[in-house]
Structures are given as structure tokens and as C-alpha cells.
Amino acid sequence: MTPVFEEPLKAEMRGACEVALDQAGYEVVAKPVSFVLPASMGLKGALVGDIQSLDAAGNRTFYHLRPGAIDVLPQWLANLARASHLLREGEFYVVVQQSTPNLERSCRAAGAGLLHLTDTGEMDVLISYESVTPVDVGKATADRISKLRRQLDGKMKLVRDDISSRYQQVRSIVSTLDEPVADAYVTRVETDYRVLDDWGDTLSRELDSLNVESSEADFTAVEDLIVDGPKLPDEAESA
Amino acid sequence: MSIGDTGAPVVAEAGDLAAIDPGLIVANPNNPRRYFNEERLDLLRTSIQEVGILVPLIVYRGTDGEYVLMDGERRWRCALDLGLPDVPVNIITAPNPLENLLRMFNIHNVREDWPLVSVALSLKDVMTISDESRESRLAEMTGLTRSTVRRAKRLLEIPDSEIELIRNEAHLDRTKQVHREDLYLEIGAAESVIRNELPDVGRRFTRPQIIRAFASKAEVGSLRAITDFRLVSKLIKAIDDDVLGPEIATAAITRLIESPEVGPKEVFDSFAAEGFRQQGLQRKVSLLSRELIEALSDEVVVSDALRGDLVELRRVVGDLLGEPM
């Protein structure tokens with residue numbers, strides 16, 4: 001069932017995928033089953049997928065739909081792909097409308113299958129799940145990436161709290177100001193939130209790109225960006 | 001309601017800090033942004049997958065016993081995507097409708113950048129419930145800028161059927177939207193000018209008809225830029241400037257309304273552009289005449305170069321007017 005709040009582009013993609021699966025002879029599971037992630041991974045949640053299907057033999061497949069452009073597999077999906085190889089409850093596919101060599105590389109590294117949903121509503125296999133095995137990232141690398149992610153979380157919380165504290169005072173601050181000045185002040189706070197979110201998204205993708213082949217310089221570059229934090233408009237002006 | 005260790009249903013009530021199945025939570029009906037861009041949630045999904053939800057969501061019990069989300073929509077959606085069995089929640093007393101709306105504004109608007117149409121519709125509810133319509137007061141209540149309140153109120157003046165068209169495209173990239181909010185703000189302004197200045201047109205066409213006619217130009221691709229609707233005001237201003245007679249302006253605007261394939265720029269160029277160009281020339285000629293008279297008094301010695309240019313000017317003017325000199 002499509003959640004009522006689903007992004008329309010994703011809802012559209014879901015509909016097209018369900019038709020494609022049906023035409024290919026798969027049964028779309030009406031009530032997807034959750035499979036709790038292996039405790040050894042130390043992660044929360046379960047493997048569910050946006051869509052699940054069963055073939056005639058009862059073999060299950062998990063599909064995660066990604067409308068729009070995507071250049072690297074996000075870490076949470078990479079984790080689920082890895083989990084699927086440990087759980088052995090079914091094949092794991094990411095479905096995209098356009099692919100890139102980088103995305104394909106990251107899917108292979110995580111052990112995710114990749115499907116391309118064509119404009120004509122067909123699903124082409126770009127990477128077969130059976131053909132991929134997750135690359136061992138190594139505990140040290142995984143821990144390092146995880147540590148950087150917590151650093152990013154912390155930095156974002158710090159900056160967000162600062163912006164929020166200013167936002168909470170906005171009403172009293174602007175109540176005595178002339179309209180253009182008041183509006184400019186409120187807009188600046190709003191812009192700060194957006195800049196922070198954009199920065200977080202960019203850094204998250206940088207972290208998603210890090211892997212066992214990344215050099216020390218790659219790690220250091222991301223760490224430096226996190227330490228520097230987002231360039232909020234106020235700071236940029238005063239710099 | 002969730003299932004406790006004993007297998008018995010557990011009902012969490014106001015004041016409780018509890019862990020409940022995210023599937024039992026429903027989105028707040030007053031948070032009109034019902035979807036999030038996929039990539040926007042990736043950072044949070046990974047963090048939650050690795051460390052869980054650290055800050056409880058805020059919910060209240062709805063009239064049917066459901067848990068209505070007050071704060072934490074992103075975390076809630078991530079929890080569903082990640083298949084979390086439960087999420088931490090703080091349960092608060094159900095707010096009254098106005099409190100709920102205002103809290104949604106203050107929690108969500110800034111951080112999630114609602115589309116203007118969503119702001120406008122929520123603002124409409126705020127105005128109805130609070131019986132408040134002053135811009136400054138609404139800005140204070142909602143935390144919006146006064147100019148946003150003004151734009152939202154202007155958007156609410158367009159017909160509901162057009163608002164629906166905007167809403168249907170609000171999730172698309174701006175470049176892919178046809179029924180854009182700023183298009184309608186421009187159209188609304190142009191329609192008001194027409195109604196105030198050309199009563200004949202106002203009597204012949206209703207406001208919804210004119211708005212529909214203008215919006216259809218964006219649909220069929222006859223609009224060069226949405227700001228072209230400003231040419232409607234300029235065209236009507238041509239009456240005051242004696243560039244156009246009111247009957248010609250009426251004919252021009254009528255053509256604009258009745259012909260979807262004709263854009264404002266085309267109409268302006270056909271009916272008023274030449275008039276304005278000549279008016280501009282007239283001003284320049286008049287200024288030049290004054291300057292020449294003031295500057296070239298009897299005592300001033302006119303240089304040969306200037307004399308040559310003036311003679312040439314006299315010849316050009318003579319030729320143009322058919323009076324060779």
C-alpha cells in the first residue's frame with residue numbers, strides 16, 4: 001500500500017514498478033514482512049524494502065525505490081544490502097530511473113542489485129544481486145566512517161541549536177523593527193536553516209562515498225569539512 | 001496503543017514518555033507538506049539506523065485514539081523506512097485547533113520551507129479560527145515575514161480551482177512547474193489593474209475567467225516570462241500617458257484574454273510599444289531643444305564640429321518630415 005504522504009515522484013515510481021513486476025510474473029506482497037537486522041551489525045531496524053515480491057517458488061525480493069538522480073548508494077541502503085547477504089531472506093535491489101558509474105560501483109561494493117526502471121515501464125537489470133558480494137570494508141574503516149558521521153551529527157546539532165535559539169527570539173526582536181528590516185532578519189534565519197541542511201546533505205554524500213579504497217587524504221578532507229562547519233550567510237558576510 | 005512485555009495492549013497517555021509502534025502514528029493534518037525529497041532524509045536515516053532516535057517525537061492522542069504527530073515528522077518517516085519496531089515519544093495533551101496550527105507553523109515552516117501555497121492554506125485556517133487578518137499580527141503569530149503573509153493572502157484571492165492546480169505541482173522542481181505561485185501572483189496583480197482601470201473589460205469577464213485565460217498562456221507555452229504580465233499595467237498606464245485611447249487599450253486586453261496563443265508581450269508590442277517609443281523620443285527632442293536654447297546663447301561661440309552636427313540634424317529632421325532644408 002502506498003503511504004498517503006509518499007513523495008509523489010516515488011508514488012509514481014512505485015506504481016510503475018508494481019505493474020512491471022506483475023507483468024514479469026512476480027507477486028507483489030501486499031503486506032511486506034520485516035526481517036530484523038542481524039545483531040552482529042549493531043544497527044537498528046529491519047529489512048523491509050519499499051516493495052517486496054515473491055516468485056513462483058516463493059523466493060522473496062526487496063526493492064528500494066530511488067526517484068530522481070542518485071550518484072552514490074546512501075549508507076543506510078548499503079547497510080541494508082549488506083544485511084540481506086547475512087539474512088538470506090531474499091535478493092536486494094535498488095531501483096533507479098537513471099544510473100551512474102559511481103552508483104554502480106557503490107552498489108557492487110555494498111552487494112546491492114541494481115535495476116533500471118525505463119521510461120516504458122520495464123525493469124532492466126544493471127547489476128544482478130546474485131553476481132555481487134559485499135566488499136569487506138574492515139572494522140577500522142567502518143568505525144572511522146561511523147565516527148565521522150557522529151561528528152557530523154554533533155556539528156549539525158550544534159549549529160541547528162544555535163539557529164533555533166535565534167529563531168525563538170525572532171518575534172520579540174522583529175516586533176519593533178520596520179518591515180523591510182524585520183523581514184530581512186527572519187529571512188536570514190530561514191536561510192541559515194536551509195544552508196545547514198544543504199551542507200549536511202553534501203557531507204552525508206561525501207561520507208557515503210568513503211570506502212576501504214579511500215585514501216587518508218579523502219578521510220582528512222571530509223573531516224576538515226565537518227570541523228569547518230557550514231558557511232552561514234552571516235559568517236560569509238563578515239569573512 | 002502498543003503491545004507490552006506481557007502481550008497486553010498498552011495505552012500511552014498525555015504526560016507519558018513511551019515507545020510506540022511508528023505505524024500507530026499519523027501525520028498532523030495541519031502540516032500540509034506531506035512528502036519529503038528522498039535524498040533529504042538519507043543523512044537522518046543513516047544516523048537513526050546507527051544510533052536510533054535519541055530525541056523523542058512529540059505526539060498527542062487524536063479523537064479516534066490515534067497518535068497525532070506534533071514534532072518529529074522526519075524522524076517518524078525515517079523510522080518507517082528503516083522498519084524500526086518502536087520509536088520514543090513524548091505524549092502531550094491535545095492542543096486546540098489554533099494552537100495546533102500555530103505550533104505547526106513555528107515547528108515546521110522555517111525548517112522545511114513550505115511552498116507558499118501550503119503557507120497560504122494554513123494561514124487561511126489561522127485567519128478563520130483566530131478571526132485575525134492584520135498582516136503584522138499574523139506575522140507575529142506564525143513567525144512568517146510580513147511580506148510572506150502578504151503574498152500568501154494575495155494567493156488566497158485566486159479561485160480554489162487554480163489553487164488546486166498549484167498544489168498538484170508543488171512537489172515538482174520549480175523548473176517543471178507550470179502553475180507556479182509567482183505566476184499567479186503576477187496574474188492576480190494584472191487582473192486587479194484591469195478591473196480597476198478598464199471597467200468595460202471587468203464587466204465582460206469575471207475575475208476567475210481572466211485568471212484562467214492568463215494561466216492558460218503558461219499551459220500552451222505562449223508566455224515568454226511570467227513577469228510579462230507587468231506589461232498589462234504598462235499598457236493600461238498608456239491611457240494616462242496619452243499614448244493609447246481607452247478603447248484601444250480595451251481592445252488590446254480583450255484580445256489578450258480571448259486568445260490563449262497570444263502573450264502579453266505580443267499585445268504590448270502591437271498596441272503600445274510604438275506609442276511609448278515615440279513618447280520617449282518626444283521627451284528627448286524636447287530636452288534637446290531646451291538645452292540648445294539655454295546653451296547656445298548669442299555670446300557663445302559655436303565650434304565647427306557642433307555646427308556641423310546641428311546642420312546634419314536639421315537635414316535629417318527635414319528629410320523625416322518631408323521638408324528638405
# chains A, B, ... in the order shown; residues from 1 in each chain; ligands from 1

$ interface_residues --of "chain A" --to "chain B" --cutoff "7 Å" --atoms "only C-alpha atoms" --output "list in words"
Phe5, Glu6, Glu7, Pro8, Ser34, Leu43, Lys44, Gly45, Ala46, Leu47, Val48, Pro74, Gln75, Trp76, Arg171, Glu179, Asp183, Val186, Glu190, Tyr193, Asp201 and Ser204 of chain A

$ write_last_selection --atoms "N, CA and C atoms" --output "mmCIF file, in the first residue's frame"
data_model
loop_
_atom_site.group_PDB
_atom_site.id
_atom_site.type_symbol
_atom_site.label_atom_id
_atom_site.label_comp_id
_atom_site.auth_asym_id
_atom_site.auth_seq_id
_atom_site.Cartn_x
_atom_site.Cartn_y
_atom_site.Cartn_z
ATOM 1 N N PHE A 5 1.518 9.891 2.486
ATOM 2 C CA PHE A 5 2.408 11.053 2.474
ATOM 3 C C PHE A 5 3.588 10.874 1.527
ATOM 4 N N GLU A 6 3.601 9.772 0.798
ATOM 5 C CA GLU A 6 4.780 9.471 -0.008
ATOM 6 C C GLU A 6 5.032 10.568 -1.042
ATOM 7 N N GLU A 7 6.285 10.851 -1.277
ATOM 8 C CA GLU A 7 6.656 11.823 -2.299
ATOM 9 C C GLU A 7 6.002 11.398 -3.613
ATOM 10 N N PRO A 8 5.273 12.295 -4.280
ATOM 11 C CA PRO A 8 4.550 11.898 -5.491
ATOM 12 C C PRO A 8 5.420 11.210 -6.535
ATOM 13 N N SER A 34 8.842 -7.724 7.778
ATOM 14 C CA SER A 34 10.093 -7.129 8.272
ATOM 15 C C SER A 34 11.029 -8.227 8.763
ATOM 16 N N LEU A 43 23.109 -2.494 14.131
ATOM 17 C CA LEU A 43 22.249 -1.454 13.547
ATOM 18 C C LEU A 43 20.806 -1.616 14.009
ATOM 19 N N LYS A 44 20.062 -0.510 13.964
ATOM 20 C CA LYS A 44 18.646 -0.558 14.347
ATOM 21 C C LYS A 44 17.797 -0.861 13.115
ATOM 22 N N GLY A 45 16.635 -1.436 13.373
ATOM 23 C CA GLY A 45 15.649 -1.574 12.315
ATOM 24 C C GLY A 45 15.631 -2.936 11.658
ATOM 25 N N ALA A 46 14.994 -2.971 10.500
ATOM 26 C CA ALA A 46 14.748 -4.245 9.830
ATOM 27 C C ALA A 46 14.847 -4.064 8.322
ATOM 28 N N LEU A 47 14.947 -5.184 7.646
ATOM 29 C CA LEU A 47 14.930 -5.174 6.181
ATOM 30 C C LEU A 47 13.471 -5.317 5.746
ATOM 31 N N VAL A 48 12.961 -4.288 5.091
ATOM 32 C CA VAL A 48 11.557 -4.322 4.663
ATOM 33 C C VAL A 48 11.464 -4.034 3.160
ATOM 34 N N PRO A 74 23.337 5.572 -0.611
ATOM 35 C CA PRO A 74 23.408 6.096 0.758
ATOM 36 C C PRO A 74 23.776 4.972 1.741
ATOM 37 N N GLN A 75 24.453 5.378 2.807
ATOM 38 C CA GLN A 75 24.972 4.375 3.741
ATOM 39 C C GLN A 75 23.875 3.466 4.304
ATOM 40 N N TRP A 76 22.701 4.020 4.589
ATOM 41 C CA TRP A 76 21.661 3.185 5.213
ATOM 42 C C TRP A 76 21.198 2.086 4.255
ATOM 43 N N ARG A 171 10.464 36.711 17.150
ATOM 44 C CA ARG A 171 9.262 37.544 17.304
ATOM 45 C C ARG A 171 9.534 38.788 18.129
ATOM 46 N N GLU A 179 9.340 47.000 8.675
ATOM 47 C CA GLU A 179 9.074 45.770 7.916
ATOM 48 C C GLU A 179 10.254 45.243 7.099
ATOM 49 N N ASP A 183 11.705 41.674 8.011
ATOM 50 C CA ASP A 183 11.623 40.581 7.037
ATOM 51 C C ASP A 183 13.011 40.039 6.697
ATOM 52 N N VAL A 186 14.170 37.752 9.563
ATOM 53 C CA VAL A 186 13.527 36.435 9.569
ATOM 54 C C VAL A 186 14.046 35.593 8.407
ATOM 55 N N GLU A 190 15.873 31.870 8.261
ATOM 56 C CA GLU A 190 15.369 30.780 7.420
ATOM 57 C C GLU A 190 16.460 30.272 6.474
ATOM 58 N N TYR A 193 18.913 27.921 8.128
ATOM 59 C CA TYR A 193 18.436 26.533 8.218
ATOM 60 C C TYR A 193 18.680 25.789 6.909
ATOM 61 N N ASP A 201 23.497 17.497 3.813
ATOM 62 C CA ASP A 201 23.268 16.540 2.720
ATOM 63 C C ASP A 201 24.548 16.297 1.928
ATOM 64 N N SER A 204 26.934 14.282 3.956
ATOM 65 C CA SER A 204 26.460 12.898 4.083
ATOM 66 C C SER A 204 26.835 12.108 2.834
#

$ residues_around --residues "Glu27 of chain A" --least-positions-apart "4" --cutoff "7 Å" --atoms "only C-alpha atoms" --output "list in words"
Asp22, Ser53, Leu54 and Asp55 of chain A

$ write_last_selection --atoms "N, CA and C atoms" --output "compact mmCIF listing (two decimals), in the first residue's frame"
# COMPACT_ATOMS: atom_id res chain seq x y z
N ASP A 22 4.38 -7.22 -11.86
CA ASP A 22 3.20 -8.04 -12.15
C ASP A 22 3.32 -8.65 -13.56
N SER A 53 8.48 -8.68 -3.42
CA SER A 53 7.77 -9.55 -4.37
C SER A 53 8.14 -11.01 -4.09
N LEU A 54 7.29 -11.89 -4.55
CA LEU A 54 7.57 -13.33 -4.44
C LEU A 54 7.49 -13.93 -5.84
N ASP A 55 8.42 -14.83 -6.14
CA ASP A 55 8.30 -15.52 -7.44
C ASP A 55 7.50 -16.81 -7.25

$ residues_around --residues "segment 119-135 of chain B" --least-positions-apart "5" --cutoff "8 Å" --atoms "only C-alpha atoms" --output "PyMOL selection string"
chain B and resi 30+32+97-98+101-102+109+114+146+149-150+152-153+155-156

$ closest_residue --among "A:Ser215, A:Leu87, A:Leu115, A:Thr220" --to "Ala39 of chain A" --atoms "only C-alpha atoms"
A:Leu87

$ residues_around --residues "Arg105 of chain A" --least-positions-apart "3" --cutoff "10 Å" --atoms "only C-alpha atoms" --output "CSV table (one decimal) with N, CA and C atoms, in the first residue's frame"
chain,number,residue,atom,x,y,z
A,71,ASP,N,23.9,9.5,-7.1
A,71,ASP,CA,25.2,9.2,-7.6
A,71,ASP,C,26.0,8.2,-6.7
A,72,VAL,N,25.5,8.0,-5.5
A,72,VAL,CA,26.2,7.1,-4.7
A,72,VAL,C,25.1,6.4,-3.7
A,73,LEU,N,25.3,5.2,-3.4
A,73,LEU,CA,24.3,4.5,-2.6
A,73,LEU,C,24.4,5.1,-1.2
A,100,THR,N,24.6,5.9,-12.7
A,100,THR,CA,25.9,6.5,-13.0
A,100,THR,C,26.9,5.4,-12.7
A,101,PRO,N,28.1,5.5,-13.3
A,101,PRO,CA,29.1,4.5,-12.9
A,101,PRO,C,29.5,4.5,-11.4
A,102,ASN,N,29.4,5.7,-10.8
A,102,ASN,CA,29.7,5.8,-9.4
A,102,ASN,C,28.7,5.0,-8.6
A,108,ARG,N,27.8,-2.3,-6.1
A,108,ARG,CA,28.6,-3.6,-6.2
A,108,ARG,C,29.4,-3.7,-4.8
A,109,ALA,N,29.9,-2.6,-4.3
A,109,ALA,CA,30.7,-2.7,-3.1
A,109,ALA,C,29.8,-3.1,-1.9
A,110,ALA,N,28.5,-2.7,-2.0
A,110,ALA,CA,27.6,-3.0,-0.8
A,110,ALA,C,26.9,-4.3,-1.0
A,111,GLY,N,27.0,-4.9,-2.2
A,111,GLY,CA,26.3,-6.1,-2.5
A,111,GLY,C,24.9,-5.9,-2.8
A,127,ILE,N,22.7,-4.5,-12.4
A,127,ILE,CA,23.6,-5.4,-11.6
A,127,ILE,C,22.7,-6.5,-11.0

$ atom_distance --atom1 "atom CA of Phe214 of chain B" --atom2 "atom CA of Asp200 of chain B"
17.9 Å

$ residues_around --residues "segment 149-155 of chain A" --least-positions-apart "5" --cutoff "8 Å" --atoms "only C-alpha atoms" --output "CSV table (one decimal) with C-alpha atoms, in the first residue's frame"
chain,number,residue,atom,x,y,z
A,200,GLY,CA,24.5,18.2,5.9
A,203,LEU,CA,28.7,16.0,3.7
A,204,SER,CA,26.5,12.9,4.1
A,207,LEU,CA,30.7,10.1,3.8
A,226,ILE,CA,33.0,18.7,9.1
A,227,VAL,CA,35.2,20.6,11.5
A,229,GLY,CA,31.1,23.5,9.6
B,47,SER,CA,22.1,8.2,11.7

$ select_by_dssp --residues "segment 28-243 of chain B" --states "alpha helix (DSSP H)" --output "number ranges by chain"
B: 42-51, 73-82, 97-104, 110-112, 116-130, 135-142, 146-155, 160-169, 181-197, 199-204, 207-220, 230-240

$ residues_around --residues "Phe276 of chain B" --least-positions-apart "5" --cutoff "10 Å" --atoms "only C-alpha atoms" --output "ChimeraX atom specification"
/B:234-235,238,241-244,269,271,281-282

$ write_last_selection --atoms "N, CA and C atoms" --output "mmCIF file, in the first residue's frame"
data_model
loop_
_atom_site.group_PDB
_atom_site.id
_atom_site.type_symbol
_atom_site.label_atom_id
_atom_site.label_comp_id
_atom_site.auth_asym_id
_atom_site.auth_seq_id
_atom_site.Cartn_x
_atom_site.Cartn_y
_atom_site.Cartn_z
ATOM 1 N N LYS B 234 1.501 48.360 -17.711
ATOM 2 C CA LYS B 234 2.165 49.386 -18.521
ATOM 3 C C LYS B 234 1.273 49.788 -19.695
ATOM 4 N N LEU B 235 0.613 48.776 -20.249
ATOM 5 C CA LEU B 235 -0.273 49.052 -21.374
ATOM 6 C C LEU B 235 -1.442 49.946 -20.918
ATOM 7 N N ALA B 238 -0.635 53.446 -20.385
ATOM 8 C CA ALA B 238 -0.508 54.210 -21.632
ATOM 9 C C ALA B 238 -1.706 55.133 -21.855
ATOM 10 N N ASP B 241 -0.927 58.261 -20.035
ATOM 11 C CA ASP B 241 0.175 58.961 -20.695
ATOM 12 C C ASP B 241 -0.195 59.459 -22.093
ATOM 13 N N ASP B 242 -1.460 59.299 -22.437
ATOM 14 C CA ASP B 242 -1.945 59.723 -23.757
ATOM 15 C C ASP B 242 -1.262 58.991 -24.909
ATOM 16 N N VAL B 243 -0.786 57.824 -24.640
ATOM 17 C CA VAL B 243 -0.172 57.029 -25.696
ATOM 18 C C VAL B 243 -1.254 56.223 -26.405
ATOM 19 N N LEU B 244 -2.247 55.788 -25.634
ATOM 20 C CA LEU B 244 -3.344 54.974 -26.164
ATOM 21 C C LEU B 244 -4.672 55.543 -25.697
ATOM 22 N N ASP B 269 3.512 44.920 -27.626
ATOM 23 C CA ASP B 269 4.272 45.375 -28.795
ATOM 24 C C ASP B 269 3.337 45.872 -29.902
ATOM 25 N N PHE B 271 0.221 47.061 -29.608
ATOM 26 C CA PHE B 271 -0.656 48.191 -29.312
ATOM 27 C C PHE B 271 0.033 49.398 -28.674
ATOM 28 N N LEU B 281 10.939 59.469 -27.424
ATOM 29 C CA LEU B 281 11.644 60.343 -28.367
ATOM 30 C C LEU B 281 11.224 61.795 -28.184
ATOM 31 N N GLN B 282 9.914 61.947 -27.970
ATOM 32 C CA GLN B 282 9.348 63.296 -27.795
ATOM 33 C C GLN B 282 10.024 63.996 -26.608
#

$ residues_around --residues "Thr118 of chain A" --least-positions-apart "3" --cutoff "9 Å" --atoms "only C-alpha atoms" --output "list in words"
Val96, Gln97, Gln98, Gly121, Glu122, Met123 and Asp124 of chain A

$ write_last_selection --atoms "C-alpha atoms" --output "mmCIF file, in the first residue's frame"
data_model
loop_
_atom_site.group_PDB
_atom_site.id
_atom_site.type_symbol
_atom_site.label_atom_id
_atom_site.label_comp_id
_atom_site.auth_asym_id
_atom_site.auth_seq_id
_atom_site.Cartn_x
_atom_site.Cartn_y
_atom_site.Cartn_z
ATOM 1 C CA VAL A 96 16.582 3.872 -10.200
ATOM 2 C CA GLN A 97 15.430 5.842 -13.207
ATOM 3 C CA GLN A 98 18.964 6.797 -14.145
ATOM 4 C CA GLY A 121 7.899 0.888 -17.571
ATOM 5 C CA GLU A 122 10.280 -2.039 -17.856
ATOM 6 C CA MET A 123 12.852 -3.022 -15.278
ATOM 7 C CA ASP A 124 16.284 -3.743 -16.745
#
